[in-house]
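Encoded as structure tokens, the structure appears first; notes follow it.
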Amino acid sequence: MKYSDWEAIYCKILDDFGYSRKEDEYSARVLATLVGGRRVCGPDCLEEIIGRDVTIYGFGPNLEKEMDEVKPLGTIISADGATAELIKRGIVPDIVTTDLDGDIDAQIVANIKGAVAAIHAHGDNVSRIREYVPFFPSRITPTTQSKPFDSIYNFGGFTDGDRAVMLARHFGASKILLIGFDFATARTQKGKDAAVKAKKLKWAHKLIYELNPSRVSISTP
């Protein structure tokens with residue numbers, strides 16, 4: 001998705017949650033400073049990685065069960081916390097979408113083993129960006145939900161899961177399999193506001209399904 005199409009949706013998200021565009025933009029500048037240009041996987045790089053078939057793993061409470069039942073197809077993208085379960089099972093995703101609030105060690109291991117880390121900047125993760133980005137030794141795709149600039153990209157999306165879907169669609173995926181996505185029930189996570197998480201899941205569902213182009217098939221187990 002182009003930023004010109006995304007911006008109106010972004011403004012609605014800012015209004016709904018009371019988030020600050022200026023804080024999002026500041027976080028993106030911090031990320032840009034830390035990443036520089038030396039390890040960036042930009043559009044050409046992502047286009048080579050993302051195929052027509054894509055499997056995306058979310059960190060829903062149904063993740064482990066669905067992983068037992070369903071094999072992945074094509075390019076594998078893991079959303080933040082799901083990465084730890086993949087690494088535990090010996091699966092290295094092609095791409096990890098993360099705002100750095102999941103199992104960071106697993107995400108760094110995945111990056112070491114070849115996964116592109118699509119690290120997302122937003123207003124309240126500046127401290128995590130400063131702390132953890134230097135430990136990712138391999139390719140990074142820096143992303144923002146505000147206006148993109150230089151090598152900071154915006155392909156659309158809000159949560160780790162729907163950003164993964166919008167990334168896949170942006171680069172031509174026509175068949176997307178979602179594993180571990182539960183839009184009604186979130187995992188209980190220490191320090192997380194359940195009401196805010198529930199609202200985020202509603203937005204994720206909207207961005208994944210209501211904005212889905214007719215050329216793309218989305219399925220679940």
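Identifiers in the structure tokens: chain A, B, ... in order shown; residue index from 1 per chain; ligand index from 1 in order shown.
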As a PyMOL selection string, please: the residues near Phe135 (chain A) (cut-off 10 Å, only C-alpha atoms, same-chain neighbours under 4 positions excluded). chain A and resi 104-105+108+111-112+130-131
With region 63-68 of chain A as the partner and 9 Å as the cut-off, tabulate the residues of region 117-216 of chain A that qualify, each row holding the nearest pair of atoms and their distance in Å to one decimal, using only C-alpha atoms, sorted by chain and rising number, as a tab-separated table.
residue	atom	partner	partner_atom	distance
A:Ile179	CA	A:Glu66	CA	6.2
A:Gly180	CA	A:Leu63	CA	3.7
A:Phe181	CA	A:Leu63	CA	7.2
A:Asp182	CA	A:Leu63	CA	8.7
Taking the backbone alone, and naming residues the way the document does, which bits of region 174-206 of chain A are strand (DSSP E or B) by DSSP, as a tab-separated table (two decimals) with N, CA and C atoms, in the first residue's frame?
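As a result, result-v4.tsv now contains:
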chain	number	residue	atom	x	y	z
A	175	LYS	N	-1.78	-15.47	-2.54
A	175	LYS	CA	-2.39	-16.46	-1.65
A	175	LYS	C	-1.70	-16.37	-0.30
A	176	ILE	N	-2.47	-16.00	0.73
A	176	ILE	CA	-1.90	-15.81	2.06
A	176	ILE	C	-2.60	-16.75	3.05
A	177	LEU	N	-1.80	-17.55	3.73
A	177	LEU	CA	-2.31	-18.45	4.77
A	177	LEU	C	-1.96	-17.85	6.13
A	178	LEU	N	-2.98	-17.65	6.97
A	178	LEU	CA	-2.78	-17.11	8.31
A	178	LEU	C	-2.83	-18.24	9.33
A	179	ILE	N	-1.78	-18.37	10.11
A	179	ILE	CA	-1.71	-19.38	11.17
A	179	ILE	C	-1.48	-18.66	12.50
Pick out the residues sitting within 12 Å of Tyr26 (chain A), and hand them over as number ranges by chain; count only C-alpha atoms, and ignore anything fewer than 6 positions along from it in its own chain. A: 20, 32-33, 121-127, 129, 144-148
Write the residues you've just listed into a file as a compact mmCIF listing (two decimals), in the first residue's frame, and include C-alpha atoms for each of them.
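Dumped to again19.txt:
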# COMPACT_ATOMS: atom_id res chain seq x y z
CA SER A 20 0.87 11.26 18.58
CA ALA A 32 16.93 5.64 10.87
CA THR A 33 19.94 6.87 12.84
CA ALA A 121 9.00 2.42 14.82
CA HIS A 122 6.09 3.98 16.68
CA GLY A 123 5.68 6.48 19.45
CA ASP A 124 6.09 4.25 22.48
CA ASN A 125 8.93 1.92 21.47
CA VAL A 126 11.81 4.40 21.16
CA SER A 127 13.61 2.95 24.18
CA ILE A 129 14.65 0.59 19.41
CA THR A 144 7.11 3.44 10.22
CA GLN A 145 3.36 4.01 10.41
CA SER A 146 3.90 7.72 9.71
CA LYS A 147 5.33 9.30 6.55
CA PRO A 148 8.22 7.26 5.08
All helix (DSSP H, G or I) residues (DSSP, backbone) inside region 60-207 of chain A, as JSON, numbers by chain: {"A": [63, 64, 65, 66, 67, 68, 69, 82, 83, 84, 85, 86, 87, 88, 104, 105, 106, 107, 108, 109, 110, 111, 112, 126, 127, 128, 129, 130, 131, 132, 133, 134, 135, 160, 161, 162, 163, 164, 165, 166, 167, 168, 169, 170, 194, 195, 196, 197, 198, 199, 200, 201, 202, 203, 204, 205, 206, 207]}
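Shortest atom-to-atom contact with Phe171 (chain A) among A:Phe59, A:Phe155, A:Phe183, A:Tyr19: A:Phe155, counting only C-alpha atoms.
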Could you state the separation of CA of Asp150 (chain A) and CA of Val35 (chain A) in Å, given to one decimal place? 11.5 Å
Quick one: residues within 10 Å of Thr55 (chain A), only C-alpha atoms, excluding same-chain residues fewer than 4 positions away - as JSON, numbers by chain? {"A": [71, 72, 73, 74, 75, 76, 77, 78, 93, 164, 165, 168, 173, 175, 176, 177, 178, 179, 218, 219, 220]}
Compile the contact shell of Met166 (chain A) as an MDAnalysis selection string: residues with an atom at most 9 Å away, counting only C-alpha atoms, same-chain residues fewer than 6 positions apart removed. chainID A and resid 1 155:157 207:208 212
Could you name the residues that touch region 202-206 of chain A at 9 Å or less, counting only C-alpha atoms, but leaving out those on the same chain fewer than 5 positions away, as a PyMOL selection string? chain A and resi 13+157-163+183-184+197+211
Could you save those same residues with N, CA and C atoms as a compact mmCIF listing (two decimals), in the first residue's frame?
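Below is the file result-v7.txt, written as the result:
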# COMPACT_ATOMS: atom_id res chain seq x y z
N ILE A 13 -6.55 5.90 13.00
CA ILE A 13 -5.94 5.15 14.09
C ILE A 13 -5.42 6.10 15.16
N GLY A 157 -0.19 -0.77 7.52
CA GLY A 157 -0.32 -1.69 8.65
C GLY A 157 -0.08 -1.04 9.99
N PHE A 158 -0.63 -1.67 11.02
CA PHE A 158 -0.64 -1.12 12.37
C PHE A 158 -0.04 -2.09 13.39
N THR A 159 -0.60 -3.28 13.49
CA THR A 159 -0.05 -4.29 14.40
C THR A 159 0.93 -5.17 13.63
N ASP A 160 1.72 -5.95 14.37
CA ASP A 160 2.71 -6.82 13.72
C ASP A 160 2.06 -7.76 12.71
N GLY A 161 0.90 -8.30 13.06
CA GLY A 161 0.23 -9.26 12.17
C GLY A 161 -0.30 -8.65 10.91
N ASP A 162 -1.04 -7.54 11.03
CA ASP A 162 -1.59 -6.95 9.79
C ASP A 162 -0.50 -6.28 8.96
N ARG A 163 0.58 -5.82 9.60
CA ARG A 163 1.70 -5.29 8.81
C ARG A 163 2.32 -6.39 7.95
N PHE A 183 -8.70 -13.06 16.27
CA PHE A 183 -9.06 -11.66 16.41
C PHE A 183 -10.03 -11.41 17.57
N ALA A 184 -10.48 -12.48 18.20
CA ALA A 184 -11.42 -12.34 19.30
C ALA A 184 -10.74 -12.50 20.66
N LYS A 197 -5.52 -3.98 23.68
CA LYS A 197 -5.19 -5.09 22.80
C LYS A 197 -6.41 -5.53 22.01
N LEU A 211 -9.68 -4.37 3.69
CA LEU A 211 -8.83 -3.74 2.68
C LEU A 211 -8.24 -4.75 1.71
Nearest to Val70 (chain A) by atom-to-atom distance, counting only C-alpha atoms, from A:Ile140, A:Pro221, A:Cys41, A:Gly36: A:Pro221
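With CA of Gly102 (chain A) on one side and CA of Ile87 (chain A) on the other, the separation reads 13.2 Å.
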Name all residues at most 8 Å from Val92 (chain A) (count only C-alpha atoms; drop same-chain ones fewer than 4 positions away) and give them as an NGL selection string. :A and (86-87 or 110 or 113-115)
For the selection just defined, write its residues with N, CA and C atoms to a file, as a PDB file, in the first residue's frame.
ATOM      1  N   LEU A  86       8.476 -20.569  16.225  1.00  0.00           N
ATOM      2  CA  LEU A  86       9.067 -21.083  14.995  1.00  0.00           C
ATOM      3  C   LEU A  86      10.505 -21.532  15.232  1.00  0.00           C
ATOM      4  N   ILE A  87      11.292 -20.693  15.899  1.00  0.00           N
ATOM      5  CA  ILE A  87      12.688 -21.031  16.169  1.00  0.00           C
ATOM      6  C   ILE A  87      12.771 -22.278  17.039  1.00  0.00           C
ATOM      7  N   ALA A 110      16.749 -15.491  14.702  1.00  0.00           N
ATOM      8  CA  ALA A 110      16.182 -15.603  13.361  1.00  0.00           C
ATOM      9  C   ALA A 110      16.944 -14.711  12.387  1.00  0.00           C
ATOM     10  N   LYS A 113      20.202 -16.145  11.469  1.00  0.00           N
ATOM     11  CA  LYS A 113      20.043 -17.290  10.587  1.00  0.00           C
ATOM     12  C   LYS A 113      19.509 -16.905   9.208  1.00  0.00           C
ATOM     13  N   GLY A 114      19.300 -15.609   8.972  1.00  0.00           N
ATOM     14  CA  GLY A 114      18.926 -15.172   7.634  1.00  0.00           C
ATOM     15  C   GLY A 114      17.609 -14.458   7.484  1.00  0.00           C
ATOM     16  N   ALA A 115      16.791 -14.409   8.531  1.00  0.00           N
ATOM     17  CA  ALA A 115      15.504 -13.705   8.439  1.00  0.00           C
ATOM     18  C   ALA A 115      15.724 -12.198   8.360  1.00  0.00           C
TER      19      ALA A 115
END
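The space between CA of Ile49 (chain A) and CA of Pro134 (chain A) spans 23.4 Å.
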Measuring between only C-alpha atoms, which one of A:Asp5, A:Asp94, A:Asp193, A:Asp103 shows the shortest distance to Ile50 (chain A)? A:Asp94
Between region 107-217 of chain A and region 96-101 of chain A, at 6 Å or less, what are the per-residue closest atom pairs and their distances in Å? Count only C-alpha atoms, order by chain and rising residue number, and return it as CSV.
residue,atom,partner,partner_atom,distance
A:Ala117,CA,A:Val96,CA,4.9
A:Ala118,CA,A:Thr97,CA,4.7
A:Ile119,CA,A:Thr98,CA,5.2
A:His120,CA,A:Asp99,CA,4.8
A:Asp160,CA,A:Thr97,CA,5.6
Selection above as a file: N, CA and C atoms, as an mmCIF file, in the first residue's frame:
data_model
loop_
_atom_site.group_PDB
_atom_site.id
_atom_site.type_symbol
_atom_site.label_atom_id
_atom_site.label_comp_id
_atom_site.auth_asym_id
_atom_site.auth_seq_id
_atom_site.Cartn_x
_atom_site.Cartn_y
_atom_site.Cartn_z
ATOM 1 N N ALA A 117 14.645 -8.701 9.426
ATOM 2 C CA ALA A 117 13.888 -8.136 10.541
ATOM 3 C C ALA A 117 13.243 -6.831 10.097
ATOM 4 N N ALA A 118 11.930 -6.862 9.899
ATOM 5 C CA ALA A 118 11.185 -5.647 9.549
ATOM 6 C C ALA A 118 10.823 -4.953 10.850
ATOM 7 N N ILE A 119 11.709 -4.065 11.297
ATOM 8 C CA ILE A 119 11.585 -3.432 12.611
ATOM 9 C C ILE A 119 10.788 -2.140 12.486
ATOM 10 N N HIS A 120 9.746 -2.051 13.307
ATOM 11 C CA HIS A 120 8.754 -0.984 13.185
ATOM 12 C C HIS A 120 8.923 0.055 14.285
ATOM 13 N N ASP A 160 1.718 -5.950 14.371
ATOM 14 C CA ASP A 160 2.710 -6.815 13.720
ATOM 15 C C ASP A 160 2.059 -7.762 12.707
#
